[in-house]
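Notes follow the structure.
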Protein chains: 2
Amino acid sequence: MPKAFSSEVGTGSRQENASKKGSKLDLFRFVPFRLNRLAAEASAALSGEYQERYGLDIPEWRVLATLGFRSEACSAQYVAHCTRTHKSTISRAVTALLRRQLIERVENEDDRREYRLRMTRKGKALYEELIPRLLRKEQEILSCLSAQERKDFALMLGKIEKSLDLVQTSKEASKTAGY
Amino acid sequence: MPKAFSSEVGTGSRQENASKKGSKLDLFRFVPFRLNRLAAEASAALSGEYQERYGLDIPEWRVLATLGFRSEACSAQYVAHCTRTHKSTISRAVTALLRRQLIERVENEDDRREYRLRMTRKGKALYEELIPRLLRKEQEILSCLSAQERKDFALMLGKIEKSLDLVQTSKEASKTAGY
DNA sequence: TTAAGATAGTCTCACTTGCAACTATCTAAA
DNA sequence: TTTAGATAGTTGCAAGTGAGACTATCTTAA
């Protein structure tokens, strides 16, 4: 048995850790770090569903999620905007999904640079099968919170998203830079 | 001016989007997706400080944060555990920090497989300069929440972390698998 | 002692992804 | 028109990272 790591880190309050030279930073209380870890862990928890079970990676799953939620077909660019994923990543995901015949694309008569994407019957079937599993997983992850807490949590996420300028607005197209 | 993307996505309630065939999933209401986006956005907001200003990447910053918070020197393995970062990633970060003379390492007499890492004077100076900037950024990000909300938010993050088995405990060493 | 298994740290390989260049197309202004 | 600039989508390239092999060392039990 190896010696256990002490649980010292993360137990002191930030105030206690102020020294003459300056304040210290406890990673375990630092929200950006916690968000990173949490996101990674949540992704890992979900990947069992879409990755192992259906052979989808995250970008592919995001494309399906966007197409599945919308009623009409939409462009790759739109998917990239919605999911905040780089267009080259979306392009590769689209190629993979086309190859597996989970989605199809039709030329846009109005603008021949872009294609309209939509799920095939096969893609829809996979989507219908996958969604409930993912929603269940999400509920599992949130099962530690009461109904009220979940509501509050979602509300606060929304506020932070807004403050980070993440909210989807109709003005979205004007701030494309950096996606 | 390009036509703006509609803001349709993310505005409907999940109930409204249930069809005969099954429920849909709104990415904008799906917590794992939101956490991913939020984490990416928060990281980007911080990277201006440690990346552009001090030439540190995330793993390097995590090593410094761990060493800076602890009073005694500690091993690379310990840093990997604390930060939930793969040991090979930490190894590379340590190499880079050694080269820049921001940290130094001394042999551990008790166990010559591992090294004790600690910040140099130069590393401490950088740390002392960087920390307040990062804490300020964190506060900026959270500025949209009231004091009570921040407290609640931290509490809920803690609950979810716990439910995802992320909490740092003295038993930590026994569940190394998967890092 | 000796041997088997565990652990710390490094390194190679493969994979993912962002960046930026590129083609084709559209838009707007001269 | 014509031309300059913007945009959709694809692709090559480079950087970052996890998996796992590998070396050196430690531990434990025969």
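Residues in the structure tokens are named by chain (A, B, ... in the order shown) and by number from 1 within that chain; ligands are numbered from 1 in the order shown.
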
Neighbours of stretch 8-18 of chain D within 7 Å (only C-alpha atoms (C1' of nucleotides); same-chain residues fewer than 2 positions away dropped), as a PDB file with N, CA and C atoms, in the first residue's frame?
ATOM      1  N   ARG A 113     -22.642  28.161 -51.880  1.00  0.00           N
ATOM      2  CA  ARG A 113     -21.472  27.887 -51.046  1.00  0.00           C
ATOM      3  C   ARG A 113     -21.836  26.945 -49.920  1.00  0.00           C
ATOM      4  N   GLU A 114     -23.054  27.031 -49.480  1.00  0.00           N
ATOM      5  CA  GLU A 114     -23.415  26.245 -48.302  1.00  0.00           C
ATOM      6  C   GLU A 114     -24.370  25.098 -48.617  1.00  0.00           C
TER       7      GLU A 114
ATOM      8  N   THR B  89       1.509  14.700 -18.935  1.00  0.00           N
ATOM      9  CA  THR B  89       1.302  16.134 -19.143  1.00  0.00           C
ATOM     10  C   THR B  89       2.031  16.934 -18.069  1.00  0.00           C
TER      11      THR B  89
END

Shell around D:DA24 at 12 Å using only C-alpha atoms (C1' of nucleotides), local window under 5 positions removed, as number ranges by chain: B: 111-114; C: 7-10

Pick out the chain B residues within 9 Å of chain C. Count only C-alpha atoms (C1' of nucleotides). Give them as an mmCIF file with N, CA and C atoms, in the first residue's frame.
data_model
loop_
_atom_site.group_PDB
_atom_site.id
_atom_site.type_symbol
_atom_site.label_atom_id
_atom_site.label_comp_id
_atom_site.auth_asym_id
_atom_site.auth_seq_id
_atom_site.Cartn_x
_atom_site.Cartn_y
_atom_site.Cartn_z
ATOM 1 N N MET B 1 -23.869 42.708 -45.281
ATOM 2 C CA MET B 1 -24.272 42.121 -43.984
ATOM 3 C C MET B 1 -24.903 40.749 -44.198
ATOM 4 N N SER B 75 5.797 15.969 -4.921
ATOM 5 C CA SER B 75 6.201 15.230 -6.119
ATOM 6 C C SER B 75 5.314 15.566 -7.312
ATOM 7 N N ALA B 76 5.789 15.221 -8.496
ATOM 8 C CA ALA B 76 5.015 15.430 -9.716
ATOM 9 C C ALA B 76 3.731 14.601 -9.656
ATOM 10 N N GLN B 77 3.853 13.436 -9.106
ATOM 11 C CA GLN B 77 2.698 12.562 -8.990
ATOM 12 C C GLN B 77 1.602 13.217 -8.155
ATOM 13 N N LYS B 87 -0.145 12.236 -15.803
ATOM 14 C CA LYS B 87 1.231 12.371 -15.334
ATOM 15 C C LYS B 87 2.198 12.748 -16.445
ATOM 16 N N SER B 88 1.923 12.321 -17.680
ATOM 17 C CA SER B 88 2.820 12.692 -18.772
ATOM 18 C C SER B 88 2.698 14.184 -19.077
ATOM 19 N N SER B 91 4.593 15.899 -16.379
ATOM 20 C CA SER B 91 6.022 15.718 -16.616
ATOM 21 C C SER B 91 6.551 16.758 -17.604
ATOM 22 N N ARG B 92 5.798 16.977 -18.678
ATOM 23 C CA ARG B 92 6.224 17.968 -19.667
ATOM 24 C C ARG B 92 6.201 19.379 -19.081
ATOM 25 N N ARG B 112 14.219 7.306 -4.201
ATOM 26 C CA ARG B 112 14.965 7.945 -5.296
ATOM 27 C C ARG B 112 14.257 7.846 -6.647
ATOM 28 N N ARG B 113 13.026 7.322 -6.642
ATOM 29 C CA ARG B 113 12.254 7.368 -7.889
ATOM 30 C C ARG B 113 11.640 8.746 -8.091
ATOM 31 N N GLU B 114 11.349 9.379 -7.014
ATOM 32 C CA GLU B 114 10.637 10.648 -7.140
ATOM 33 C C GLU B 114 11.486 11.850 -6.735
ATOM 34 N N TYR B 115 11.052 13.017 -7.215
ATOM 35 C CA TYR B 115 11.743 14.267 -6.918
ATOM 36 C C TYR B 115 10.804 15.181 -6.153
#

Could you give me, as a PyMOL selection string, the residues within 10 Å of A:Ala125, counting only C-alpha atoms (C1' of nucleotides) and dropping anything in the same chain fewer than 5 positions from it? (chain A and resi 102+119-120+130) or (chain B and resi 21)

Based on the selection just made, write C-alpha atoms of those residues as a short mmCIF file (atom, residue, chain, number, x, y, z; two decimals), in the first residue's frame.
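The file below, part.cif, is the result:
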data_model
loop_
_atom_site.label_atom_id
_atom_site.label_comp_id
_atom_site.auth_asym_id
_atom_site.auth_seq_id
_atom_site.Cartn_x
_atom_site.Cartn_y
_atom_site.Cartn_z
CA LEU A 102 -26.59 9.40 -40.36
CA MET A 119 -30.64 13.74 -40.38
CA THR A 120 -31.49 10.63 -42.36
CA LEU A 130 -29.60 8.22 -27.66
CA LYS B 21 -41.48 9.89 -31.62
#

Just the number, please: distance in Å from atom CA of B:Thr83 to atom CA of B:Arg99, one decimal. 21.5 Å

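Once chain A is least-squares aligned to chain B over all ordered C-alpha pairs, the remaining root-mean-square deviation is 0.1 Å.
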